[in-house]
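Beneath this line is the structure, given in structure tokens, with notes to follow.
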Amino acid sequence: MKLFTAFVLDNEEIMRATNVLTLRAGQVARSASPGQFLHIRCDDGCAPFLRRPMSVYRTERDTIQLMIRDVGAGSARLVRARSGDPLDCLGPLGRGFHLDSHARNVLMVGGGYGVAPLVGLAERAVHQGMSVTLAVGAASAELIFPPSLLPEEVEYLVATDDGSAGHRGYVTDLVGERLAWADAVYACGPLPMMAALARVVRDAAPRKRVQVAMEERMGCAMGVCLGCVIETTRGPLRVCTEGPVFDIRQIVWRDEPAALGTGG
Amino acid sequence: MYVDLQVEIGVNAKVPLTLRNPVMVASGTFGYGTEYARLIDIQRLGAIVCKGITVRPRRGNRGPRIVETPGGMLNAIGLQNVGIRRLVDEKAPLWVQWDVPVIVNIAGDTVDEFASMAGQLDGVPGVAGIELNISCPNVWEGGRVIGEDAATTAAITEAVRARTGLPVLVKLSPEVADICGVARAAEEAGADAVSLINTLVGMKIDTRTGRPVLANVTGGLSGPAIRPVAVWLVYAVSQVVGIPVVGMGGIASIEDVLEFILAGATAVQVGTATFAEPRTALDIIDQLPDAVCARGRASVHELRGLAHSGRDR
Ligand SMILES: Cc1cc2nc3c(=O)[nH]c(=O)nc-3n(C[C@H](O)[C@H](O)[C@H](O)COP(=O)(O)OP(=O)(O)OC[C@H]3O[C@@H](n4cnc5c(N)ncnc54)[C@H](O)[C@@H]3O)c2cc1C
Ligand SMILES: Cc1cc2nc3c(=O)[nH]c(=O)nc-3n(C[C@H](O)[C@H](O)[C@H](O)COP(=O)(O)O)c2cc1C
């Protein structure tokens, strides 16, 4: 883990409001693994002031790729980065996914931009000869990760809220029967989706080891500010340091407030 | 040209504290000092103030605990910490081997708690000083922040003074009716320095959900957004006390440090800016000699308080 300047080599929009940034990262690229993240300065001043955490999406020799969804000031600036721009990065940070080398059948569950850390992991799993199923959920078709960017060996299951692609409904509807098949499960997505997955796992396969990459608002990403702490059965733990990847059974899920006007 | 950066805190304390330079890192923004050691050369810092410690370990607040706001952030960590026993047993032995002095920030719910922690820290190798957090906005006692008035501040400081020969810094809240009165009370009760400011209470509402973002509802505001408030209060307090004033609040650059020194600060602390740029304090230390020189002075002391009217320029 170190502070380094990464130059943007390429920036490509891959789906709505979502770009893949390719960074020249030297040695850091070799040491970064799926589930780990970089903490990136989006502005020299205060717009925004704090860094933003972004998962390692893919690595290749001395490059790191990030997949960034434009959701606010910081991510918008990253999405607008141009080739040649320097990015002030800190990383790689956190504990990534542990790819169990004995696993033969691997299930991955992603939601929204949460597929980012799963794609690189899927590539590694395929490379090691594992059978991989990736199930993703999103609001609608244009927010579904393009299948052309996935290795052909990966089975791809899709669910959308509005039914504009794949199954109409939740991605958790799709994983039930696959759980028994899978020796290892990896997940990343919005909190409510991950909480729903935890319930499905608890009911259908309570002994199944599911690794989930958690998200929380982050300050330092170095373990000092204790801002990204989540409740777990092991006590309060830092997403940046003990995570972001946790055993799904250890997470104590909290209720997220519903959006105004949704009757929730 | 040689520029004198050295700073003394607690010249009257049994164990005075000499800082190689006036730039420390603030409590709650540098953990126990060990975390950033892998990233930057922490030994070059003026001092490290560790995360606020309480008598018993605390699990802290529920999340979300932080959120960014214009020019800064709100935090409601809830003083999550390992407790004084583990600090003394596990952290202090590491600090003994460091060149950089470590000041322990303590937070009590009562005068007795402050006093007993001060007693526990006295004489512990590796502990160079004590900062009293009489102003943490997230921990309430009977609905009010402890130390919001001069009398409580005096009582806590006196009790701590009686239990330790270490330099004592009293950290002040900006959210009191009369911060100068509180500062004077701390000085009269035997404080070796006052440090200011702690965070200001604030709130952010998520317009999508209609609910406050922080589970704690309110949080402490820090970062560049609070800098003008901090500069003003350092300016005001340094005119009414004779002990060193340690200034903090939104410091992110050498310019900011100069402002605090000109306002009357003897030393400064870098807080939230470290999250954005971990090298902030070290960069400032590197730039300080030239900045002092460029203003025709040979030491930081000569710049101190120049903003006060009527001083020799
Ligand atoms: C370990 C980790 C890895 C991540 N990896 C990726 C990635 O690969 N790709 C990607 O696009 N994003 C990723 N994120 C999320 C990304 O960091 C945030 O989307 C980004 O910080 C938002 O910053 P902003 O300035 O764009 O938006 P802001 O203006 O800060 O926020 C926009 C909106 O989102 C809300 N929000 C911000 N952060 C959170 C949060 N943590 N939980 C709930 N609501 C939030 C805000 O309240 C606001 O309403 C990751 C986050 C973590 C913790
Ligand atoms: C995440 C966080 C945690 C903090 N924890 C403490 C603490 O435990 N004790 C304390 O006295 N001050 C604490 N503070 C306040 C800082 O030490 C400092 O007074 C304040 O943040 C203003 O400085 P800044 O704007 O440079 O951050 C904390 C601040 C932040 C941002």
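Here's how to read the names in the structure tokens: chain A, B, ... by the order shown, residue numbers from 1 in each chain, ligand numbers from 1 in the order shown.
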Can you pull out every residue within 12 Å of Thr262 (chain A), counting only C-alpha atoms, but drop anything in the same chain fewer than 5 positions away, and send it as a PyMOL selection string?
(chain A and resi 257) or (chain B and resi 208-210)
Let's have the selection written as a short mmCIF file (atom, residue, chain, number, x, y, z; two decimals), in the first residue's frame, with C-alpha atoms.
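Everything below was put into selection15.cif:
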```
data_model
loop_
_atom_site.label_atom_id
_atom_site.label_comp_id
_atom_site.auth_asym_id
_atom_site.auth_seq_id
_atom_site.Cartn_x
_atom_site.Cartn_y
_atom_site.Cartn_z
CA PRO A 257 -34.44 4.53 5.39
CA ARG B 208 -33.98 11.45 -0.99
CA THR B 209 -35.04 9.77 2.25
CA GLY B 210 -35.87 12.92 4.19
#
```
Region 66-228 of chain B: residues DSSP assigns to strand (DSSP E or B), reported as number ranges by chain
B: 66-69, 72-75, 81, 102-106, 129-133, 141, 144, 168-171, 193-196, 200-202, 205-206, 211-212, 219-222
Can I get the residues close to ligand 1 as JSON, numbers by chain, where close means within 7 Å and we count only C-alpha atoms and all ligand atoms?
{"A": [37, 48, 52, 53, 54, 55, 56, 57, 66, 67, 68, 69, 70, 71, 72, 73, 74, 75, 76, 113, 114, 116, 117, 214, 215, 216, 217, 218, 239, 240, 244], "B": [68, 206]}
Which one of A:Gly91, A:Gly120, A:Gly137, A:Gly112 sits closest to chain B if you count only C-alpha atoms?
A:Gly91
Only residues of chain A matter here; which ones have an atom within 9 Å of chain B, counting only C-alpha atoms? Give them as a PyMOL selection string.
chain A and resi 1-3+40-41+45-51+216-231+235-236+254+257-261
For the residues in the current selection, export N, CA and C atoms as a compact mmCIF listing (two decimals), in the first residue's frame.
```txt
# COMPACT_ATOMS: atom_id res chain seq x y z
N MET A 1 0.85 -1.20 0.00
CA MET A 1 0.00 0.00 0.00
C MET A 1 0.88 1.24 0.00
N LYS A 2 0.58 2.15 -0.91
CA LYS A 2 1.36 3.39 -0.95
C LYS A 2 0.58 4.51 -1.62
N LEU A 3 1.13 5.71 -1.52
CA LEU A 3 0.60 6.86 -2.25
C LEU A 3 1.30 6.88 -3.60
N ILE A 40 -9.05 7.55 -3.90
CA ILE A 40 -8.61 8.47 -4.95
C ILE A 40 -9.03 9.90 -4.69
N ARG A 41 -8.09 10.80 -4.85
CA ARG A 41 -8.37 12.24 -4.74
C ARG A 41 -9.05 12.66 -6.03
N GLY A 45 -8.81 20.68 -4.50
CA GLY A 45 -9.36 21.53 -3.45
C GLY A 45 -10.44 20.81 -2.67
N CYS A 46 -11.58 21.44 -2.58
CA CYS A 46 -12.63 20.93 -1.70
C CYS A 46 -13.86 20.41 -2.43
N ALA A 47 -13.73 20.10 -3.72
CA ALA A 47 -14.93 19.73 -4.46
C ALA A 47 -14.82 18.38 -5.14
N PRO A 48 -14.83 17.28 -4.42
CA PRO A 48 -14.91 17.17 -2.98
C PRO A 48 -13.53 17.15 -2.32
N PHE A 49 -13.53 17.23 -1.00
CA PHE A 49 -12.30 17.30 -0.22
C PHE A 49 -11.73 15.90 0.02
N LEU A 50 -12.57 15.00 0.49
CA LEU A 50 -12.10 13.65 0.82
C LEU A 50 -11.89 12.81 -0.43
N ARG A 51 -11.06 11.78 -0.29
CA ARG A 51 -10.87 10.83 -1.38
C ARG A 51 -12.12 9.98 -1.55
N GLU A 216 -19.31 1.40 2.79
CA GLU A 216 -19.74 2.38 3.79
C GLU A 216 -19.01 3.67 3.46
N ARG A 217 -19.59 4.80 3.84
CA ARG A 217 -18.92 6.08 3.61
C ARG A 217 -17.56 6.04 4.28
N MET A 218 -16.54 6.48 3.56
CA MET A 218 -15.18 6.28 4.04
C MET A 218 -14.46 7.60 4.20
N GLY A 219 -13.66 7.71 5.27
CA GLY A 219 -12.87 8.91 5.48
C GLY A 219 -11.44 8.67 5.06
N CYS A 220 -10.62 8.18 6.01
CA CYS A 220 -9.18 8.06 5.76
C CYS A 220 -8.81 6.83 4.94
N ALA A 221 -9.58 5.74 5.08
CA ALA A 221 -9.28 4.44 4.46
C ALA A 221 -8.01 3.80 5.02
N MET A 222 -7.46 4.40 6.08
CA MET A 222 -6.24 3.87 6.70
C MET A 222 -6.52 3.25 8.08
N GLY A 223 -7.76 3.27 8.47
CA GLY A 223 -8.11 2.65 9.75
C GLY A 223 -8.09 3.59 10.93
N VAL A 224 -7.87 4.88 10.72
CA VAL A 224 -7.78 5.77 11.88
C VAL A 224 -9.08 6.50 12.24
N CYS A 225 -9.89 6.84 11.23
CA CYS A 225 -11.01 7.74 11.55
C CYS A 225 -12.21 6.99 12.09
N LEU A 226 -12.26 5.67 11.86
CA LEU A 226 -13.35 4.83 12.35
C LEU A 226 -14.70 5.27 11.81
N GLY A 227 -14.67 5.90 10.63
CA GLY A 227 -15.90 6.37 10.01
C GLY A 227 -16.64 5.25 9.29
N CYS A 228 -15.90 4.30 8.72
CA CYS A 228 -16.53 3.27 7.89
C CYS A 228 -16.83 2.00 8.67
N VAL A 229 -16.91 2.13 9.97
CA VAL A 229 -17.14 0.96 10.83
C VAL A 229 -18.56 0.42 10.65
N ILE A 230 -18.69 -0.89 10.54
CA ILE A 230 -20.01 -1.54 10.49
C ILE A 230 -20.14 -2.51 11.67
N GLU A 231 -21.37 -2.83 12.01
CA GLU A 231 -21.63 -3.78 13.09
C GLU A 231 -21.46 -5.20 12.56
N GLY A 235 -18.12 -7.67 16.60
CA GLY A 235 -18.02 -6.31 17.12
C GLY A 235 -17.91 -5.33 15.98
N PRO A 236 -17.69 -4.03 16.29
CA PRO A 236 -17.58 -3.04 15.23
C PRO A 236 -16.28 -3.22 14.46
N ARG A 254 -28.45 -3.36 8.97
CA ARG A 254 -29.26 -2.29 9.52
C ARG A 254 -30.33 -1.91 8.50
N PRO A 257 -33.20 3.76 5.56
CA PRO A 257 -34.44 4.53 5.39
C PRO A 257 -34.90 4.49 3.94
N ALA A 258 -36.20 4.35 3.74
CA ALA A 258 -36.74 4.30 2.38
C ALA A 258 -36.77 5.70 1.79
N ALA A 259 -36.81 5.77 0.45
CA ALA A 259 -36.90 7.07 -0.21
C ALA A 259 -38.26 7.70 0.08
N LEU A 260 -38.27 9.01 0.18
CA LEU A 260 -39.53 9.74 0.36
C LEU A 260 -40.44 9.44 -0.82
N GLY A 261 -41.72 9.25 -0.54
CA GLY A 261 -42.66 9.08 -1.64
C GLY A 261 -42.79 7.64 -2.13
```
Residues at most 10 Å from Pro16 (chain B), counting only C-alpha atoms, excluding those fewer than 4 positions away in the same chain, as a VMD selection string?
chain B and resid 8 to 12 128 to 129 165 to 168 192
For Ala298 (chain B), please output as an MDAnalysis selection string all residues within 9 Å (counting only C-alpha atoms; exclusion window: fewer than 3 positions along the same chain).
chainID B and resid 1:4 289 292:293 295 301:302
Suppose we keep N, CA, C and O atoms; can you now write the selection as a PDB file, in the first residue's frame?
```pdb
ATOM      1  N   MET B   1      19.571  29.702   5.267  1.00  0.00           N
ATOM      2  CA  MET B   1      19.499  30.290   6.606  1.00  0.00           C
ATOM      3  C   MET B   1      18.844  29.335   7.585  1.00  0.00           C
ATOM      4  O   MET B   1      17.878  28.656   7.252  1.00  0.00           O
ATOM      5  N   TYR B   2      19.385  29.263   8.792  1.00  0.00           N
ATOM      6  CA  TYR B   2      18.818  28.371   9.797  1.00  0.00           C
ATOM      7  C   TYR B   2      17.578  29.001  10.412  1.00  0.00           C
ATOM      8  O   TYR B   2      17.565  30.155  10.806  1.00  0.00           O
ATOM      9  N   VAL B   3      16.525  28.232  10.455  1.00  0.00           N
ATOM     10  CA  VAL B   3      15.291  28.713  11.056  1.00  0.00           C
ATOM     11  C   VAL B   3      14.941  27.826  12.242  1.00  0.00           C
ATOM     12  O   VAL B   3      14.934  26.598  12.132  1.00  0.00           O
ATOM     13  N   ASP B   4      14.711  28.462  13.375  1.00  0.00           N
ATOM     14  CA  ASP B   4      14.403  27.718  14.594  1.00  0.00           C
ATOM     15  C   ASP B   4      12.931  27.322  14.615  1.00  0.00           C
ATOM     16  O   ASP B   4      12.051  28.175  14.647  1.00  0.00           O
ATOM     17  N   PRO B 289      10.390  26.366   7.149  1.00  0.00           N
ATOM     18  CA  PRO B 289      11.572  27.235   7.230  1.00  0.00           C
ATOM     19  C   PRO B 289      11.575  28.333   6.163  1.00  0.00           C
ATOM     20  O   PRO B 289      11.794  29.505   6.488  1.00  0.00           O
ATOM     21  N   VAL B 292       8.981  31.037   6.873  1.00  0.00           N
ATOM     22  CA  VAL B 292       9.372  31.939   7.959  1.00  0.00           C
ATOM     23  C   VAL B 292      10.421  32.935   7.446  1.00  0.00           C
ATOM     24  O   VAL B 292      10.319  34.148   7.640  1.00  0.00           O
ATOM     25  N   CYS B 293      11.413  32.374   6.743  1.00  0.00           N
ATOM     26  CA  CYS B 293      12.484  33.177   6.148  1.00  0.00           C
ATOM     27  C   CYS B 293      11.949  34.267   5.232  1.00  0.00           C
ATOM     28  O   CYS B 293      12.366  35.425   5.293  1.00  0.00           O
ATOM     29  N   ARG B 295       9.440  35.811   5.326  1.00  0.00           N
ATOM     30  CA  ARG B 295       8.812  36.921   6.045  1.00  0.00           C
ATOM     31  C   ARG B 295       9.820  37.635   6.948  1.00  0.00           C
ATOM     32  O   ARG B 295       9.442  38.338   7.894  1.00  0.00           O
ATOM     33  N   HIS B 301       8.605  31.714  16.416  1.00  0.00           N
ATOM     34  CA  HIS B 301       8.155  32.555  17.532  1.00  0.00           C
ATOM     35  C   HIS B 301       8.010  34.017  17.119  1.00  0.00           C
ATOM     36  O   HIS B 301       7.137  34.723  17.590  1.00  0.00           O
ATOM     37  N   GLU B 302       8.912  34.436  16.242  1.00  0.00           N
ATOM     38  CA  GLU B 302       8.895  35.846  15.839  1.00  0.00           C
ATOM     39  C   GLU B 302       7.674  36.212  15.001  1.00  0.00           C
ATOM     40  O   GLU B 302       7.370  37.385  14.827  1.00  0.00           O
TER      41      GLU B 302
END
```
Based on the backbone DSSP call, show me all residues of region 109-284 of chain B assigned helix (DSSP H, G or I), as an NGL selection string.
:B and (111-121 or 150-163 or 179-188 or 224-237 or 254-263 or 273-276 or 280-284)
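In this comparison, which uses only C-alpha atoms, the residue of B:Val201, B:Val25, B:Ala230, B:Leu303 approaching Val217 (chain B) most closely is B:Val201.
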Taking only C-alpha atoms and all ligand atoms into account, name the residue in B:Val270, B:Ile156, B:Val96, B:Leu214 that is nearest to ligand 2.
B:Val270
Tell me which of B:Val82, B:Val15, B:Ala215, B:Val124 sits closest to ligand 2, counting only C-alpha atoms and all ligand atoms.
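Checking each of B:Val82, B:Val15, B:Ala215, B:Val124 against ligand 2, counting only C-alpha atoms and all ligand atoms, the winner is B:Val82.
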Atom 14 (N, counted along the ligand's line) of ligand 2 to CA of Leu221 (chain B), distance in Å rounded to a single decimal
9.3 Å
Tell me which of B:Glu188, B:Glu131, B:Glu259, B:Asp149 sits closest to ligand 2, counting only C-alpha atoms and all ligand atoms.
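Comparing B:Glu188, B:Glu131, B:Glu259, B:Asp149 against ligand 2, the winner is B:Glu131.
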List the neighbours of region 29-34 of chain A out to 6 Å using only C-alpha atoms; skip same-chain residues closer than 5 positions along the sequence, and give me the result as JSON, numbers by chain.
{"A": [56, 59, 62, 63, 64, 92, 96, 117, 120, 121]}
For Val210 (chain A), find every residue with an atom within 6 Å (counting only C-alpha atoms), except residues of its own chain fewer than 3 positions away, and show them as a short mmCIF file (atom, residue, chain, number, x, y, z; two decimals) with C-alpha atoms, in the first residue's frame.
```
data_model
loop_
_atom_site.label_atom_id
_atom_site.label_comp_id
_atom_site.auth_asym_id
_atom_site.auth_seq_id
_atom_site.Cartn_x
_atom_site.Cartn_y
_atom_site.Cartn_z
CA VAL A 185 -20.07 -17.57 -3.24
CA TYR A 186 -18.88 -13.99 -3.72
CA ASP A 247 -18.19 -13.45 5.80
CA ILE A 248 -21.84 -12.63 5.11
#
```
In Å to one decimal, how far is atom 4 (C, counted along the ligand's line) of ligand 2 from CA of Val55 (chain B)?
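CA of Val55 (chain B) sits 17.2 Å away from atom 4 (C, counted along the ligand's line) of ligand 2.
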Spatial neighbours of Ala205 (chain A), max dist 12 Å, only C-alpha atoms, sep filter under 2 positions, as number ranges by chain
A: 175-185, 197-203, 207-210, 249
